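Everything on this sheet refers to the single structure shown next.
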Amino acid sequence: DSIKVFAPATVANVACGFDIFGFAVDSPGDEIIVRKSNLPGVRIKAIVGDEGRLPKEAERNTAGIAIQTYLKHIESDQGLELILHKKMPLGSGLGSSAASAVAGVFAINELLGRPLKQIDLLPFAMEGERLACGSAHADNVAPSLMGGFVVIRSYNPLDIITINTPAQLFATIVHPEIEVNTKDARHILKNEVSMKNTIIQMGNVAGLIAGLMKPDYDLIGRSMVDVIIEPIRAILIPEFSEVKQAALDAGALGCSISGSGPSMFALSRDQPTALRVGNNMQAAFHSVGIGSELYVSGI
Ligand code: HSE
């Protein structure tokens with residue numbers, strides 16, 4: 001009557017696809033243990049790895065609220081106890097709040113004998129995102145739930161597409177030891193976009209998908225350009241341009257901000273390059289005294 005579930009970290013936006021593109025990595029991620037209880041309600045017994053920073057009230061926690069919304073939807077009053085192991089940094093741009101919500105809602109659905117299909121769990125995980133940053137974006141929760149590279153073709157109605165990626169494609173993620181709050185990183189964005197930038201961005205969105213599916217590495221690289229969001233958010237990341245240049249110098253196809261930052265990610269065609277790219281990016285942060293963590297994963 002208990003289950004342990006892992007949900008992976010994700011890179012949202014993938015340069016040009018603000019709120020519509022995201023991919024999952026192998027690690028890091030979050031782990032949750034969900035246990036049936038005879039007492040009604042959802043109780044968080046422990047959170048490990050968050051340095052005491054996450055709320056333990058179920059309705060204020062992304063995993064807790066996702067599970068509560070799910071139980072309400074299926075009209076279940078099953079009592080539950082949760083233990084959450086945060087195995088990734090908070091406020092990092094790696095979809096930490098999303099991974100917890102996905103792990104939670106996947107776990108309860110399994111524990112109750114799978115009343116809902118996996119894809120239909122998405123709206124409940126999105127409630128976790130709404131709680132975490134005020135917007136129910138799906139570009140972290142969808143890839144964390146489905147795996148691989150995901151497109152949110154539409155939010156209303158929800159339309160999720162999983163895209164084929166080249167057999168060999170590696171993500172480098174460098175997480176500098178600074179924090180950016182997603183809510184703040186969304187507030188600084190402009191509500192209006194020029195026609196000129198819209199056209200450039202649409203070209204890159206189409207090019208990135210075509211590049212992934214053909215596959216065509218050079219096209220992937222050429223399309224990893226964001227003229228709308230990145231120029232505004234770059235100011236939140238010290239040494240942004242230098243770190244990006246360091247990635248490109250080391251042979252990355254492209255480099256941008258992971259989700260709302262401060263993590264930066266790059267894509268490379270093989271693992272040795274992805275590692276070299278990571279080392280170069282870390283060195284650029286290090287040159288101004290900023291330590292960082294490096295993750296390399298196939299996608
Ligand atoms: N698309 C979201 C944003 C992802 O960029 O604000 C947040 O991780």
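Identifiers for the structure tokens are assigned positionally: chains receive A, B, ... in sequence, residues are indexed from 1 per chain, and ligands are indexed from 1 in the order shown.
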
Exercise. Near Thr69 (chain A), within 10 Å and counting only C-alpha atoms, which residues show up once chain neighbours fewer than 2 positions away are dropped, as a list in words?
Worked result: Glu59, Gly64, Ile65, Ala66, Ile67, Leu71, Lys72, His73, Ile74, Glu75, Val105, Pro123, Phe124, Ala125, Glu127 and Gly128 of chain A

Distance table requested - chain A against ligand 1, cut-off 7 Å, only C-alpha atoms and all ligand atoms: one row per qualifying residue with the closest atom pair and its distance in Å to one decimal, ordered by chain and rising residue number, as a tab-separated table.
```
residue	atom	partner	partner_atom_place_in_ligand_line	distance
A:Ala12	CA	ligand 1	4 (C)	5.2
A:Asn13	CA	ligand 1	1 (N)	5.4
A:Phe18	CA	ligand 1	1 (N)	5.1
A:Asp19	CA	ligand 1	1 (N)	3.8
A:Gly93	CA	ligand 1	8 (O)	5.1
A:Leu94	CA	ligand 1	8 (O)	6.6
A:Gly95	CA	ligand 1	8 (O)	5.4
A:His137	CA	ligand 1	1 (N)	6.3
A:Asp139	CA	ligand 1	1 (N)	5.9
A:Asn140	CA	ligand 1	8 (O)	6.3
A:Thr182	CA	ligand 1	6 (O)	5.8
A:Ala185	CA	ligand 1	6 (O)	6.5
A:Arg186	CA	ligand 1	6 (O)	5.4
A:Gly259	CA	ligand 1	8 (O)	3.9
A:Ser260	CA	ligand 1	5 (O)	4.2
```

Pull C-alpha atoms from the residues just selected and write them as a PDB file, in the first residue's frame.
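What ended up in result03.pdb:
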```
ATOM      1  CA  ALA A  12      11.711  24.186 -20.423  1.00  0.00           C
ATOM      2  CA  ASN A  13      11.537  26.669 -23.321  1.00  0.00           C
ATOM      3  CA  PHE A  18       8.708  29.833 -24.357  1.00  0.00           C
ATOM      4  CA  ASP A  19       6.016  27.852 -22.483  1.00  0.00           C
ATOM      5  CA  GLY A  93      15.271  26.479 -13.689  1.00  0.00           C
ATOM      6  CA  LEU A  94      15.310  22.695 -13.821  1.00  0.00           C
ATOM      7  CA  GLY A  95      11.630  22.190 -13.086  1.00  0.00           C
ATOM      8  CA  HIS A 137       2.555  26.363 -17.631  1.00  0.00           C
ATOM      9  CA  ASP A 139       6.564  22.897 -20.384  1.00  0.00           C
ATOM     10  CA  ASN A 140       8.182  21.335 -17.300  1.00  0.00           C
ATOM     11  CA  THR A 182      10.174  31.847 -11.645  1.00  0.00           C
ATOM     12  CA  ALA A 185      11.439  35.918 -14.045  1.00  0.00           C
ATOM     13  CA  ARG A 186       7.941  35.960 -15.580  1.00  0.00           C
ATOM     14  CA  GLY A 259      13.418  27.396 -18.064  1.00  0.00           C
ATOM     15  CA  SER A 260      13.367  30.637 -16.126  1.00  0.00           C
TER      16      SER A 260
END
```

Exercise. Ile108 (chain A): which residues within 12 Å, counting only C-alpha atoms, same-chain residues fewer than 5 positions away excluded, as number ranges by chain?
Worked result: A: 1-5, 32-36, 42, 63-64, 66-71, 74, 76, 78-82, 101-103, 113-116, 118, 121, 124-125

For this session: as number ranges by chain, please: all residues of region 73-251 of chain A that backbone DSSP puts in alpha helix (DSSP H).
Result: A: 73, 96-111, 122-133, 141-146, 182-187, 195-213, 217-223, 230-233, 240-249

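When DSSP reads the backbone of this structure, the residues of region 79-167 of chain A it assigns to strand (DSSP E or B) are A:Gly79, A:Leu80, A:Glu81, A:Leu82, A:Ile83, A:Leu84, A:His85, A:Lys86, A:Phe149, A:Val150, A:Val151, A:Ile152, A:Arg153, A:Ser154, A:Tyr155, A:Leu158, A:Asp159, A:Ile160, A:Ile161, A:Thr162, A:Ile163.
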
Output file for the residues above (N, CA and C atoms, as a PDB file, in the first residue's frame):
```
ATOM      1  N   GLY A  79      -7.074   8.600   2.304  1.00  0.00           N
ATOM      2  CA  GLY A  79      -6.067   9.278   3.121  1.00  0.00           C
ATOM      3  C   GLY A  79      -4.671   8.871   2.655  1.00  0.00           C
ATOM      4  N   LEU A  80      -3.702   9.816   2.744  1.00  0.00           N
ATOM      5  CA  LEU A  80      -2.346   9.537   2.236  1.00  0.00           C
ATOM      6  C   LEU A  80      -1.274  10.187   3.091  1.00  0.00           C
ATOM      7  N   GLU A  81      -0.121   9.528   3.130  1.00  0.00           N
ATOM      8  CA  GLU A  81       1.072  10.132   3.730  1.00  0.00           C
ATOM      9  C   GLU A  81       2.157  10.215   2.664  1.00  0.00           C
ATOM     10  N   LEU A  82       2.849  11.351   2.621  1.00  0.00           N
ATOM     11  CA  LEU A  82       3.885  11.550   1.598  1.00  0.00           C
ATOM     12  C   LEU A  82       5.247  11.791   2.243  1.00  0.00           C
ATOM     13  N   ILE A  83       6.269  11.242   1.616  1.00  0.00           N
ATOM     14  CA  ILE A  83       7.647  11.618   1.958  1.00  0.00           C
ATOM     15  C   ILE A  83       8.291  12.060   0.646  1.00  0.00           C
ATOM     16  N   LEU A  84       8.796  13.282   0.643  1.00  0.00           N
ATOM     17  CA  LEU A  84       9.341  13.862  -0.586  1.00  0.00           C
ATOM     18  C   LEU A  84      10.860  13.991  -0.458  1.00  0.00           C
ATOM     19  N   HIS A  85      11.562  13.393  -1.423  1.00  0.00           N
ATOM     20  CA  HIS A  85      13.029  13.534  -1.459  1.00  0.00           C
ATOM     21  C   HIS A  85      13.384  14.483  -2.585  1.00  0.00           C
ATOM     22  N   LYS A  86      13.772  15.716  -2.242  1.00  0.00           N
ATOM     23  CA  LYS A  86      14.210  16.665  -3.276  1.00  0.00           C
ATOM     24  C   LYS A  86      15.642  16.283  -3.640  1.00  0.00           C
ATOM     25  N   PHE A 149      11.174  14.810 -25.593  1.00  0.00           N
ATOM     26  CA  PHE A 149      10.994  16.214 -25.987  1.00  0.00           C
ATOM     27  C   PHE A 149       9.517  16.427 -26.291  1.00  0.00           C
ATOM     28  N   VAL A 150       8.934  17.419 -25.655  1.00  0.00           N
ATOM     29  CA  VAL A 150       7.482  17.603 -25.726  1.00  0.00           C
ATOM     30  C   VAL A 150       7.144  18.999 -26.236  1.00  0.00           C
ATOM     31  N   VAL A 151       6.116  19.061 -27.068  1.00  0.00           N
ATOM     32  CA  VAL A 151       5.570  20.337 -27.549  1.00  0.00           C
ATOM     33  C   VAL A 151       4.178  20.512 -26.957  1.00  0.00           C
ATOM     34  N   ILE A 152       3.905  21.688 -26.392  1.00  0.00           N
ATOM     35  CA  ILE A 152       2.532  21.995 -25.984  1.00  0.00           C
ATOM     36  C   ILE A 152       1.929  22.794 -27.139  1.00  0.00           C
ATOM     37  N   ARG A 153       1.273  22.080 -28.034  1.00  0.00           N
ATOM     38  CA  ARG A 153       0.714  22.709 -29.246  1.00  0.00           C
ATOM     39  C   ARG A 153      -0.382  23.689 -28.851  1.00  0.00           C
ATOM     40  N   SER A 154      -1.143  23.349 -27.802  1.00  0.00           N
ATOM     41  CA  SER A 154      -2.211  24.238 -27.339  1.00  0.00           C
ATOM     42  C   SER A 154      -2.438  24.016 -25.846  1.00  0.00           C
ATOM     43  N   TYR A 155      -2.784  25.107 -25.149  1.00  0.00           N
ATOM     44  CA  TYR A 155      -3.132  25.003 -23.724  1.00  0.00           C
ATOM     45  C   TYR A 155      -4.633  24.807 -23.544  1.00  0.00           C
ATOM     46  N   LEU A 158      -5.878  21.390 -24.008  1.00  0.00           N
ATOM     47  CA  LEU A 158      -4.507  20.910 -23.867  1.00  0.00           C
ATOM     48  C   LEU A 158      -4.191  19.923 -24.992  1.00  0.00           C
ATOM     49  N   ASP A 159      -3.086  20.173 -25.718  1.00  0.00           N
ATOM     50  CA  ASP A 159      -2.698  19.296 -26.826  1.00  0.00           C
ATOM     51  C   ASP A 159      -1.181  19.108 -26.749  1.00  0.00           C
ATOM     52  N   ILE A 160      -0.769  17.917 -26.353  1.00  0.00           N
ATOM     53  CA  ILE A 160       0.642  17.631 -26.076  1.00  0.00           C
ATOM     54  C   ILE A 160       1.181  16.690 -27.144  1.00  0.00           C
ATOM     55  N   ILE A 161       2.322  17.051 -27.724  1.00  0.00           N
ATOM     56  CA  ILE A 161       2.921  16.217 -28.770  1.00  0.00           C
ATOM     57  C   ILE A 161       4.332  15.830 -28.335  1.00  0.00           C
ATOM     58  N   THR A 162       4.669  14.545 -28.458  1.00  0.00           N
ATOM     59  CA  THR A 162       6.043  14.110 -28.178  1.00  0.00           C
ATOM     60  C   THR A 162       6.796  14.003 -29.499  1.00  0.00           C
ATOM     61  N   ILE A 163       7.972  14.642 -29.531  1.00  0.00           N
ATOM     62  CA  ILE A 163       8.761  14.752 -30.765  1.00  0.00           C
ATOM     63  C   ILE A 163       9.933  13.767 -30.741  1.00  0.00           C
TER      64      ILE A 163
END
```
